[in-house]
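Colleague: To be precise about what I am sending: the file is called structure_19.json and holds JSON, C-alpha atoms.
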```
[["chain", "number", "residue", "atom", "x", "y", "z"],
["K", 17, "MET", "CA", 8.58, 19.63, -0.97],
["K", 18, "PHE", "CA", 9.89, 19.54, 2.59],
["K", 19, "LEU", "CA", 13.58, 19.44, 3.49],
["K", 20, "HIS", "CA", 13.72, 17.37, 6.66],
["K", 21, "ASP", "CA", 16.88, 17.61, 8.78],
["K", 22, "GLU", "CA", 18.33, 20.35, 6.56],
["K", 23, "ALA", "CA", 20.83, 21.37, 9.26],
["K", 24, "SER", "CA", 22.67, 18.08, 8.70],
["K", 25, "GLY", "CA", 23.70, 19.26, 5.24],
["K", 26, "ALA", "CA", 22.12, 16.11, 3.74],
["K", 27, "PRO", "CA", 18.35, 16.67, 4.05],
["K", 28, "LEU", "CA", 15.57, 14.25, 3.24],
["K", 29, "ALA", "CA", 13.46, 15.72, 0.40],
["K", 30, "ILE", "CA", 9.86, 14.75, 1.15],
["K", 31, "PRO", "CA", 7.23, 15.32, -1.57],
["K", 32, "GLN", "CA", 4.03, 17.08, -0.51],
["K", 33, "LEU", "CA", 2.02, 14.01, -1.54],
["K", 34, "SER", "CA", 3.95, 11.81, 0.90],
["K", 35, "HIS", "CA", 3.35, 14.39, 3.63],
["K", 36, "SER", "CA", -0.38, 14.18, 2.78],
["K", 37, "TRP", "CA", -0.21, 10.40, 3.00],
["K", 38, "MET", "CA", 1.19, 10.64, 6.53],
["K", 39, "ALA", "CA", -1.61, 13.07, 7.42],
["K", 40, "TRP", "CA", -4.07, 10.51, 6.02],
["K", 41, "GLN", "CA", -2.67, 7.86, 8.38],
["K", 42, "ILE", "CA", -3.49, 10.17, 11.30],
["K", 43, "ALA", "CA", -6.97, 11.14, 10.07],
["K", 44, "ARG", "CA", -7.88, 7.48, 9.47],
["K", 45, "ARG", "CA", -7.55, 6.82, 13.22],
["K", 46, "TRP", "CA", -9.02, 10.13, 14.44],
["K", 47, "GLY", "CA", -11.87, 10.01, 16.94],
["K", 48, "ASN", "CA", -12.82, 8.09, 20.08],
["K", 49, "ARG", "CA", -15.29, 8.33, 22.95],
["K", 50, "ARG", "CA", -14.23, 11.93, 23.60],
["K", 51, "PHE", "CA", -13.33, 13.24, 20.13],
["K", 52, "ALA", "CA", -15.63, 13.44, 17.10],
["K", 53, "ARG", "CA", -14.90, 11.13, 14.20],
["K", 54, "PRO", "CA", -14.82, 12.46, 10.62],
["K", 55, "ALA", "CA", -17.98, 11.75, 8.61],
["K", 56, "PRO", "CA", -18.61, 10.82, 5.88],
["K", 57, "LEU", "CA", -15.29, 9.06, 6.37],
["K", 58, "ALA", "CA", -14.44, 8.27, 2.73],
["K", 59, "GLU", "CA", -14.74, 11.89, 1.59],
["K", 60, "VAL", "CA", -12.84, 13.32, 4.57],
["K", 61, "LEU", "CA", -9.96, 10.86, 4.16],
["K", 62, "ALA", "CA", -9.87, 11.66, 0.44],
["K", 63, "ALA", "CA", -9.65, 15.37, 1.28],
["K", 64, "VAL", "CA", -6.70, 14.73, 3.58],
["K", 65, "GLN", "CA", -4.88, 12.67, 0.94],
["K", 66, "LEU", "CA", -5.63, 15.11, -1.91],
["K", 67, "HIS", "CA", -5.34, 18.46, -0.14],
["K", 68, "ASP", "CA", -1.80, 18.95, -1.52],
["K", 69, "SER", "CA", -2.21, 16.98, -4.76],
["K", 70, "GLY", "CA", -1.63, 20.14, -6.80],
["K", 71, "TRP", "CA", 2.04, 19.98, -5.79],
["K", 72, "THR", "CA", 2.72, 16.76, -7.69],
["K", 73, "ASP", "CA", 4.01, 18.37, -10.89],
["K", 74, "PHE", "CA", 6.04, 20.97, -8.99],
["K", 75, "ASP", "CA", 7.72, 18.36, -6.81],
["K", 76, "ALA", "CA", 8.53, 16.31, -9.90],
["K", 77, "GLY", "CA", 10.42, 19.29, -11.35],
["K", 78, "PRO", "CA", 11.43, 21.52, -8.42],
["K", 79, "THR", "CA", 13.11, 24.87, -8.84],
["K", 80, "LEU", "CA", 15.87, 26.40, -6.72],
["K", 81, "ASP", "CA", 15.44, 29.31, -4.37],
["K", 82, "PRO", "CA", 17.95, 32.22, -4.37],
["K", 83, "ARG", "CA", 20.21, 30.30, -1.97],
["K", 84, "GLY", "CA", 20.42, 27.27, -4.26],
["K", 85, "ARG", "CA", 18.09, 25.15, -2.10],
["K", 86, "PRO", "CA", 15.26, 23.10, -3.57],
["K", 87, "ARG", "CA", 12.33, 25.50, -3.35],
["K", 88, "THR", "CA", 9.87, 24.71, -0.58],
["K", 89, "PHE", "CA", 6.36, 26.11, -0.10],
["K", 90, "GLU", "CA", 7.46, 28.94, 2.21],
["K", 91, "ALA", "CA", 9.91, 30.31, -0.40],
["K", 92, "MET", "CA", 7.49, 30.51, -3.34],
["K", 93, "ASP", "CA", 5.95, 33.45, -5.16],
["K", 94, "THR", "CA", 2.30, 34.07, -4.33],
["K", 95, "THR", "CA", 0.89, 33.45, -7.81],
["K", 96, "THR", "CA", 2.49, 30.02, -8.13],
["K", 97, "HIS", "CA", 1.51, 29.06, -4.59],
["K", 98, "LEU", "CA", -2.15, 30.00, -5.08],
["K", 99, "ASN", "CA", -2.31, 28.22, -8.44],
["K", 100, "ILE", "CA", -1.05, 25.05, -6.80],
["K", 101, "TRP", "CA", -3.79, 25.33, -4.18],
["K", 102, "ARG", "CA", -6.34, 25.82, -6.98],
["K", 103, "GLU", "CA", -5.09, 22.68, -8.70],
["K", 104, "SER", "CA", -5.41, 20.75, -5.42],
["K", 105, "VAL", "CA", -9.05, 21.80, -5.17],
["K", 106, "ARG", "CA", -9.69, 20.89, -8.81],
["K", 107, "ARG", "CA", -8.25, 17.40, -8.36],
["K", 108, "ALA", "CA", -10.15, 16.82, -5.12],
["K", 109, "ALA", "CA", -13.43, 17.87, -6.73],
["K", 110, "GLN", "CA", -12.89, 15.33, -9.51],
["K", 111, "LEU", "CA", -13.33, 12.65, -6.85],
["K", 112, "SER", "CA", -16.39, 14.18, -5.17],
["K", 113, "ARG", "CA", -17.93, 17.58, -4.64],
["K", 114, "TYR", "CA", -17.83, 17.26, -0.86],
["K", 115, "THR", "CA", -14.14, 16.38, -0.99],
["K", 116, "GLY", "CA", -13.59, 19.44, -3.20],
["K", 117, "LEU", "CA", -15.57, 21.55, -0.72],
["K", 118, "LEU", "CA", -13.43, 20.42, 2.19],
["K", 119, "VAL", "CA", -10.16, 21.06, 0.35],
["K", 120, "ALA", "CA", -11.35, 24.48, -0.87],
["K", 121, "ASP", "CA", -12.36, 25.42, 2.67],
["K", 122, "HIS", "CA", -9.01, 24.18, 4.02],
["K", 123, "HIS", "CA", -7.06, 26.32, 1.56],
["K", 124, "ARG", "CA", -9.31, 29.28, 2.24],
["K", 125, "MET", "CA", -8.28, 28.98, 5.89],
["K", 126, "LEU", "CA", -4.60, 28.70, 4.94],
["K", 127, "ALA", "CA", -4.98, 31.72, 2.66],
["K", 128, "GLY", "CA", -6.09, 33.74, 5.67],
["K", 129, "LEU", "CA", -2.84, 32.85, 7.44],
["K", 130, "LYS", "CA", -0.87, 33.63, 4.30],
["K", 131, "LEU", "CA", -2.64, 36.99, 3.99],
["K", 132, "ALA", "CA", -1.62, 38.02, 7.51],
["K", 133, "ASP", "CA", 2.01, 37.20, 6.68],
["K", 134, "LEU", "CA", 1.91, 39.14, 3.38],
["K", 135, "GLU", "CA", 0.34, 42.16, 5.02],
["K", 136, "GLY", "CA", 3.00, 42.02, 7.75],
["K", 137, "ARG", "CA", 5.65, 42.18, 5.01],
["K", 138, "ASN", "CA", 3.81, 45.00, 3.20],
["K", 139, "ASP", "CA", 3.40, 42.86, 0.10],
["K", 140, "GLY", "CA", 0.39, 44.65, -1.36],
["K", 141, "GLU", "CA", 0.29, 42.72, -4.62],
["K", 142, "GLY", "CA", 0.54, 39.34, -2.93],
["K", 143, "ALA", "CA", -2.11, 40.36, -0.39],
["K", 144, "ALA", "CA", -4.51, 41.42, -3.16],
["K", 145, "LEU", "CA", -4.04, 38.10, -4.96],
["K", 146, "THR", "CA", -4.63, 36.19, -1.74],
["K", 147, "ARG", "CA", -7.82, 38.12, -0.93],
["K", 148, "ALA", "CA", -9.13, 37.28, -4.40],
["K", 149, "PHE", "CA", -8.25, 33.62, -3.82],
["K", 150, "GLU", "CA", -10.13, 33.63, -0.50],
["K", 151, "ALA", "CA", -13.21, 35.01, -2.22],
["K", 152, "GLU", "CA", -12.88, 32.46, -5.03],
["K", 153, "MET", "CA", -12.69, 29.56, -2.57],
["K", 154, "ALA", "CA", -15.62, 30.93, -0.55],
["K", 155, "GLY", "CA", -17.67, 31.07, -3.76],
["K", 156, "ALA", "CA", -16.76, 27.49, -4.70],
["K", 157, "VAL", "CA", -17.65, 26.25, -1.21],
["K", 158, "ALA", "CA", -21.01, 28.05, -1.27],
["K", 159, "ALA", "CA", -21.84, 26.60, -4.69],
["K", 160, "TRP", "CA", -21.09, 23.04, -3.56],
["K", 161, "GLU", "CA", -23.10, 23.59, -0.38],
["K", 162, "ARG", "CA", -26.15, 24.50, -2.49],
["K", 163, "GLU", "CA", -25.67, 21.50, -4.78],
["K", 164, "LEU", "CA", -25.32, 19.03, -1.91],
["K", 165, "ALA", "CA", -28.05, 20.44, 0.33],
["K", 166, "SER", "CA", -30.65, 17.90, -0.87],
["K", 167, "ASP", "CA", -28.32, 14.87, -0.62],
["K", 168, "PRO", "CA", -29.03, 12.95, 2.63],
["K", 169, "ARG", "CA", -25.43, 11.67, 2.77],
["K", 170, "TYR", "CA", -24.25, 15.19, 3.65],
["K", 171, "GLU", "CA", -27.18, 16.23, 5.85],
["K", 172, "HIS", "CA", -24.99, 16.54, 8.97],
["K", 173, "ALA", "CA", -21.75, 17.47, 7.19],
["K", 174, "LEU", "CA", -22.54, 20.75, 5.44],
["K", 175, "ASP", "CA", -22.79, 22.99, 8.50],
["K", 176, "GLY", "CA", -22.82, 22.92, 12.28],
["K", 177, "PRO", "CA", -20.75, 20.57, 14.45],
["K", 178, "GLY", "CA", -20.31, 17.92, 11.75],
["K", 179, "ARG", "CA", -18.78, 20.32, 9.26],
["K", 180, "ARG", "CA", -16.61, 21.91, 11.95],
["K", 181, "ALA", "CA", -15.35, 18.52, 13.13],
["K", 182, "ASN", "CA", -14.34, 17.51, 9.60],
["K", 183, "ALA", "CA", -12.47, 20.77, 9.04],
["K", 184, "LEU", "CA", -10.61, 20.41, 12.34],
["K", 185, "VAL", "CA", -9.59, 16.81, 11.59],
["K", 186, "ILE", "CA", -8.12, 17.85, 8.23],
["K", 187, "ALA", "CA", -6.31, 20.81, 9.79],
["K", 188, "ALA", "CA", -4.95, 18.76, 12.71],
["K", 189, "ALA", "CA", -3.70, 15.84, 10.62],
["K", 190, "ASP", "CA", -2.12, 18.28, 8.16],
["K", 191, "ARG", "CA", -0.42, 20.30, 10.87],
["K", 192, "ILE", "CA", 1.06, 17.32, 12.71],
["K", 193, "SER", "CA", 2.48, 15.99, 9.45],
["K", 194, "VAL", "CA", 3.84, 19.41, 8.43],
["K", 195, "TRP", "CA", 5.55, 19.82, 11.80],
["K", 196, "LEU", "CA", 7.21, 16.42, 11.47],
["K", 197, "CYS", "CA", 8.22, 16.76, 7.82],
["K", 198, "ALA", "CA", 9.62, 20.26, 8.29],
["K", 199, "GLY", "CA", 11.24, 19.54, 11.67],
["K", 200, "MET", "CA", 9.47, 22.45, 13.37],
["K", 201, "PRO", "CA", 9.68, 23.12, 17.13],
["K", 202, "PHE", "CA", 7.43, 21.53, 19.75],
["K", 203, "PRO", "CA", 5.21, 21.73, 21.73],
["K", 204, "PHE", "CA", 2.17, 23.16, 19.96],
["K", 205, "GLU", "CA", -1.60, 23.03, 20.36],
["K", 206, "LEU", "CA", -4.32, 21.83, 18.00],
["K", 207, "PRO", "CA", -8.01, 22.72, 18.16],
["K", 208, "ALA", "CA", -10.24, 19.65, 17.87],
["K", 209, "ALA", "CA", -13.94, 18.83, 18.08],
["K", 210, "GLY", "CA", -15.42, 16.87, 20.96],
["K", 211, "ARG", "CA", -18.26, 14.36, 20.57],
["K", 212, "GLN", "CA", -20.78, 16.91, 21.88],
["K", 213, "GLY", "CA", -19.64, 19.65, 19.51],
["K", 214, "GLU", "CA", -17.40, 21.35, 22.05],
["K", 215, "GLU", "CA", -13.93, 22.53, 21.03],
["K", 216, "LEU", "CA", -10.97, 20.88, 22.75],
["K", 217, "ALA", "CA", -7.26, 21.71, 22.70],
["K", 218, "VAL", "CA", -4.73, 18.93, 22.05],
["K", 219, "THR", "CA", -1.12, 19.56, 23.07],
["K", 220, "VAL", "CA", 1.55, 17.81, 20.97],
["K", 221, "ARG", "CA", 4.92, 17.27, 22.67],
["K", 222, "ASP", "CA", 8.14, 15.79, 21.33],
["K", 223, "LEU", "CA", 9.51, 12.93, 23.45],
["K", 224, "GLY", "CA", 12.56, 12.44, 21.23],
["K", 225, "GLY", "CA", 13.43, 9.48, 19.07],
["K", 226, "GLY", "CA", 10.52, 10.12, 16.71],
["K", 227, "ARG", "CA", 7.90, 9.82, 19.47],
["K", 228, "LEU", "CA", 5.18, 12.37, 20.17],
["K", 229, "ARG", "CA", 2.76, 12.65, 23.09],
["K", 230, "LEU", "CA", -0.79, 13.90, 22.34],
["K", 231, "ASP", "CA", -2.74, 15.12, 25.38],
["K", 232, "PRO", "CA", -5.66, 14.64, 25.55],
["K", 233, "TRP", "CA", -5.57, 11.66, 23.20],
["K", 234, "PRO", "CA", -7.78, 12.14, 20.10],
["K", 235, "LEU", "CA", -7.15, 8.84, 18.29],
["K", 236, "GLU", "CA", -8.23, 5.21, 18.47],
["K", 237, "GLY", "CA", -6.09, 2.81, 20.49],
["K", 238, "THR", "CA", -3.13, 3.82, 22.63],
["K", 239, "ARG", "CA", -0.46, 4.55, 20.02],
["K", 240, "LEU", "CA", -0.14, 5.07, 16.28],
["K", 241, "ALA", "CA", 2.87, 4.43, 14.05],
["K", 242, "ILE", "CA", 3.00, 6.72, 11.01],
["K", 243, "HIS", "CA", 5.52, 7.27, 8.24],
["K", 244, "CYS", "CA", 6.31, 9.03, 4.98],
["K", 245, "GLU", "CA", 9.06, 8.71, 2.37],
["K", 246, "GLY", "CA", 11.63, 10.98, 0.80],
["K", 247, "ARG", "CA", 14.96, 10.97, -0.99],
["K", 248, "ARG", "CA", 18.21, 11.67, 0.82],
["K", 249, "LEU", "CA", 20.13, 14.49, -0.83],
["K", 250, "PRO", "CA", 23.93, 14.56, -0.48],
["K", 251, "ALA", "CA", 23.82, 18.35, -0.13],
["K", 252, "SER", "CA", 21.30, 21.05, 0.71],
["K", 253, "ARG", "CA", 22.45, 23.53, -1.95],
["K", 254, "PHE", "CA", 22.93, 23.15, -5.69],
["K", 255, "ASN", "CA", 24.45, 25.20, -8.51],
["K", 256, "SER", "CA", 21.67, 24.54, -11.04],
["K", 257, "ARG", "CA", 18.34, 22.79, -11.56],
["K", 258, "ASP", "CA", 20.08, 20.27, -13.80],
["K", 259, "GLU", "CA", 22.39, 19.34, -10.95],
["K", 260, "LEU", "CA", 19.42, 18.95, -8.59],
["K", 261, "TYR", "CA", 17.55, 16.77, -11.12],
["K", 262, "ARG", "CA", 20.55, 14.50, -11.57],
["K", 263, "VAL", "CA", 20.85, 14.08, -7.82],
["K", 264, "LEU", "CA", 17.12, 13.41, -7.34],
["K", 265, "ALA", "CA", 17.16, 10.80, -10.11],
["K", 266, "THR", "CA", 19.64, 8.64, -8.21],
["K", 267, "ALA", "CA", 19.04, 9.69, -4.59],
["K", 268, "HIS", "CA", 18.37, 6.90, -2.12],
["K", 269, "ALA", "CA", 14.75, 6.62, -0.96],
["K", 270, "GLU", "CA", 14.21, 6.48, 2.80],
["K", 271, "ARG", "CA", 11.25, 5.96, 5.08],
["K", 272, "LEU", "CA", 10.79, 8.44, 7.92],
["K", 273, "ALA", "CA", 8.86, 6.95, 10.85],
["K", 274, "PHE", "CA", 7.21, 8.40, 13.96],
["K", 275, "GLU", "CA", 5.01, 7.15, 16.78],
["K", 276, "LEU", "CA", 2.12, 9.04, 18.39],
["K", 277, "LEU", "CA", 1.38, 8.11, 22.01],
["K", 278, "ARG", "CA", -1.51, 8.73, 24.40],
["K", 279, "PRO", "CA", -0.62, 10.20, 27.82],
["K", 280, "SER", "CA", -0.82, 6.84, 29.60],
["K", 281, "ALA", "CA", 1.23, 4.92, 27.02],
["K", 282, "SER", "CA", 4.85, 3.99, 27.60],
["K", 283, "GLY", "CA", 7.41, 6.30, 26.01],
["K", 284, "THR", "CA", 9.31, 3.33, 24.63],
["K", 285, "ARG", "CA", 8.52, 1.76, 21.30],
["K", 286, "GLY", "CA", 6.25, -1.25, 21.45]]
```
Transcribe the structure of this file into structure tokens.
Modeller:
Amino acid sequence: MFLHDEASGAPLAIPQLSHSWMAWQIARRWGNRRFARPAPLAEVLAAVQLHDSGWTDFDAGPTLDPRGRPRTFEAMDTTTHLNIWRESVRRAAQLSRYTGLLVADHHRMLAGLKLADLEGRNDGEGAALTRAFEAEMAGAVAAWERELASDPRYEHALDGPGRRANALVIAAADRISVWLCAGMPFPFELPAAGRQGEELAVTVRDLGGGRLRLDPWPLEGTRLAIHCEGRRLPASRFNSRDELYRVLATAHAERLAFELLRPSASGTRG
């Protein structure tokens, strides 16, 4: 769960699955004459949509952090967090092995970032659990690579530029959506794959009013409208889980919309 606009005292609680859906909207339009397109498209888009599917049960019954806030991913114990990532991989693999491979590889990458944070906080137990998770995901990825090696559909997607491009699309779509759902500061840069296998850097800037400028432009067209949904909470802190559940059961649903623009596009909504 994300708490968008928490400083207002009445945040929008966005489920992880809706965040993933917004990332899917970005990935669906990724690629043009300069930037590599994801392929095979169906499996990559499924990976984007399902990469956080393990959060569904948790978001349906959220807990409170020590400050009485609905618990978000950055305030979660390591064991629970890693188990949710495992469940995301399991669900993705039910759709297809290549989708499972991409989600496992994505969470292996995220685990590396998590490990650096845990080590910086001298959390030895959490770091050990995260290292074991990294090894587990690497093993799952290697097993799926062996299974799929003889399938011509994945000939150009198991290694080399094709595999790298798919991983970068998933990471970029996820990161843009996370930044928007969590209300994190801009600008920031994204690595992306060019059509010739080269790595390019995309800068994402906030223009205000829900508009973002991506330079260079990695998508089809000149602009892309994206959105997610959440429930508006009347407060950002609660006395008990029961109170939070009662509020969530009746909270008003809202759509949160943004627009991504290429450098040459007008900064006003079309």
Colleague: Give the answer as one residue: which of K:Ser252, K:Ser282, K:Asn138, K:Asn99 has the shortest atom-to-atom distance to Ser24 of chain K, using only C-alpha atoms?
Modeller: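 Looking at the shortest contact to Ser24 of chain K, the residue is K:Ser252.
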Colleague: At what distance in Å, to one decimal, does atom CA of Ile242 of chain K lie from atom CA of Arg49 of chain K?
Modeller: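 It comes out at 21.9 Å.
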Colleague: Nearest to Asn182 of chain K: which of K:Ala144, K:Leu57, K:Ala154, K:Ala217 is it, counting all atoms listed in the file?
Modeller: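 Among the listed residues, K:Leu57 lies closest to Asn182 of chain K.
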Colleague: What's the 9 Å shell around Ser69 of chain K, counting all atoms listed in the file, without same-chain residues fewer than 4 positions away, as an MDAnalysis selection string?
Modeller: chainID K and resid 32:33 36 65 73 100:101 103:105 107:108
Colleague: Restricting the calculation to only C-alpha atoms, which member of K:Glu259, K:Glu245, K:Asp21, K:Asp68 is positioned closest to Asp190 of chain K?
Modeller: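 For Asp190 of chain K, the nearest of the given residues is K:Asp68.
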Colleague: Set the distance at 10 Å and use all atoms listed in the file: which residues neighbour Leu223 of chain K once local chain neighbours fewer than 4 positions away are removed? I'd like the list as a PyMOL selection string.
Modeller: chain K and resi 202-203+227-229+275-277+283-284
Colleague: Pull C-alpha atoms from the residues just selected and write them as a PDB file, in the coordinates of the input.
Modeller:
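result36.pdb, freshly written:
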```pdb
ATOM      1  CA  PHE K 202       7.430  21.530  19.750  1.00  0.00           C
ATOM      2  CA  PRO K 203       5.210  21.730  21.730  1.00  0.00           C
ATOM      3  CA  ARG K 227       7.900   9.820  19.470  1.00  0.00           C
ATOM      4  CA  LEU K 228       5.180  12.370  20.170  1.00  0.00           C
ATOM      5  CA  ARG K 229       2.760  12.650  23.090  1.00  0.00           C
ATOM      6  CA  GLU K 275       5.010   7.150  16.780  1.00  0.00           C
ATOM      7  CA  LEU K 276       2.120   9.040  18.390  1.00  0.00           C
ATOM      8  CA  LEU K 277       1.380   8.110  22.010  1.00  0.00           C
ATOM      9  CA  GLY K 283       7.410   6.300  26.010  1.00  0.00           C
ATOM     10  CA  THR K 284       9.310   3.330  24.630  1.00  0.00           C
TER      11      THR K 284
END
```
Colleague: Neighbouring residues of segment 111-115 of chain K were defined as those with any atom within 7 Å, considering all atoms listed in the file; residues of the same chain fewer than 4 positions away were excluded. Please report them as a list in words.
Modeller: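 The neighbour list is Glu59, Val60, Ala62, Ala63, Val119 and Trp160 of chain K.
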Colleague: Padding 3 Å on each side, edges along x, y and z: where is the centre of the box around the listed atoms of segment 229-235 of chain K, and how long are its edges in Å to one decimal? Output it as lines of an AutoDock Vina configuration file.
Modeller:
```
center_x = -2.5
center_y = 12.0
center_z = 21.9
size_x = 16.5
size_y = 12.3
size_z = 13.3
```
Colleague: Could you model N, CA and C atoms for segment 48-73 of chain K and present them as a short mmCIF file (atom, residue, chain, number, x, y, z; two decimals), keeping the file's coordinate frame?
Modeller:
```cif
data_model
loop_
_atom_site.label_atom_id
_atom_site.label_comp_id
_atom_site.auth_asym_id
_atom_site.auth_seq_id
_atom_site.Cartn_x
_atom_site.Cartn_y
_atom_site.Cartn_z
N ASN K 48 -12.64 9.10 19.03
CA ASN K 48 -12.82 8.09 20.08
C ASN K 48 -14.03 8.49 20.93
N ARG K 49 -14.12 8.01 22.14
CA ARG K 49 -15.29 8.33 22.95
C ARG K 49 -15.37 9.81 23.33
N ARG K 50 -14.25 10.52 23.24
CA ARG K 50 -14.23 11.93 23.60
C ARG K 50 -14.19 12.85 22.38
N PHE K 51 -13.53 12.40 21.30
CA PHE K 51 -13.33 13.24 20.13
C PHE K 51 -14.20 12.78 18.96
N ALA K 52 -14.76 13.74 18.23
CA ALA K 52 -15.63 13.44 17.10
C ALA K 52 -14.86 12.78 15.97
N ARG K 53 -15.49 11.81 15.34
CA ARG K 53 -14.90 11.13 14.20
C ARG K 53 -15.31 11.85 12.91
N PRO K 54 -14.45 11.84 11.90
CA PRO K 54 -14.82 12.46 10.62
C PRO K 54 -15.93 11.67 9.94
N ALA K 55 -16.87 12.41 9.31
CA ALA K 55 -17.98 11.75 8.61
C ALA K 55 -18.55 12.71 7.55
N PRO K 56 -18.81 12.20 6.34
CA PRO K 56 -18.61 10.82 5.88
C PRO K 56 -17.11 10.52 5.72
N LEU K 57 -16.71 9.38 6.24
CA LEU K 57 -15.29 9.06 6.37
C LEU K 57 -14.56 9.03 5.03
N ALA K 58 -15.14 8.41 4.01
CA ALA K 58 -14.44 8.27 2.73
C ALA K 58 -14.06 9.62 2.15
N GLU K 59 -15.00 10.58 2.17
CA GLU K 59 -14.74 11.89 1.59
C GLU K 59 -13.72 12.68 2.40
N VAL K 60 -13.79 12.58 3.74
CA VAL K 60 -12.84 13.32 4.57
C VAL K 60 -11.43 12.76 4.39
N LEU K 61 -11.29 11.44 4.37
CA LEU K 61 -9.96 10.86 4.16
C LEU K 61 -9.43 11.21 2.78
N ALA K 62 -10.31 11.25 1.78
CA ALA K 62 -9.87 11.66 0.44
C ALA K 62 -9.39 13.11 0.45
N ALA K 63 -10.07 13.97 1.20
CA ALA K 63 -9.65 15.37 1.28
C ALA K 63 -8.27 15.49 1.91
N VAL K 64 -8.02 14.69 2.95
CA VAL K 64 -6.70 14.73 3.58
C VAL K 64 -5.62 14.27 2.59
N GLN K 65 -5.87 13.19 1.88
CA GLN K 65 -4.88 12.67 0.94
C GLN K 65 -4.66 13.60 -0.24
N LEU K 66 -5.72 14.30 -0.69
CA LEU K 66 -5.63 15.11 -1.91
C LEU K 66 -5.43 16.60 -1.65
N HIS K 67 -5.37 17.02 -0.39
CA HIS K 67 -5.34 18.46 -0.14
C HIS K 67 -4.10 19.14 -0.71
N ASP K 68 -3.02 18.40 -0.92
CA ASP K 68 -1.80 18.95 -1.52
C ASP K 68 -1.47 18.29 -2.85
N SER K 69 -2.47 17.69 -3.50
CA SER K 69 -2.21 16.98 -4.76
C SER K 69 -1.77 17.90 -5.89
N GLY K 70 -2.06 19.19 -5.78
CA GLY K 70 -1.63 20.14 -6.80
C GLY K 70 -0.13 20.34 -6.85
N TRP K 71 0.58 19.84 -5.84
CA TRP K 71 2.04 19.98 -5.79
C TRP K 71 2.77 18.90 -6.58
N THR K 72 2.06 17.91 -7.08
CA THR K 72 2.72 16.76 -7.69
C THR K 72 3.65 17.16 -8.82
N ASP K 73 3.17 17.98 -9.75
CA ASP K 73 4.01 18.37 -10.89
C ASP K 73 5.19 19.23 -10.43
#
```
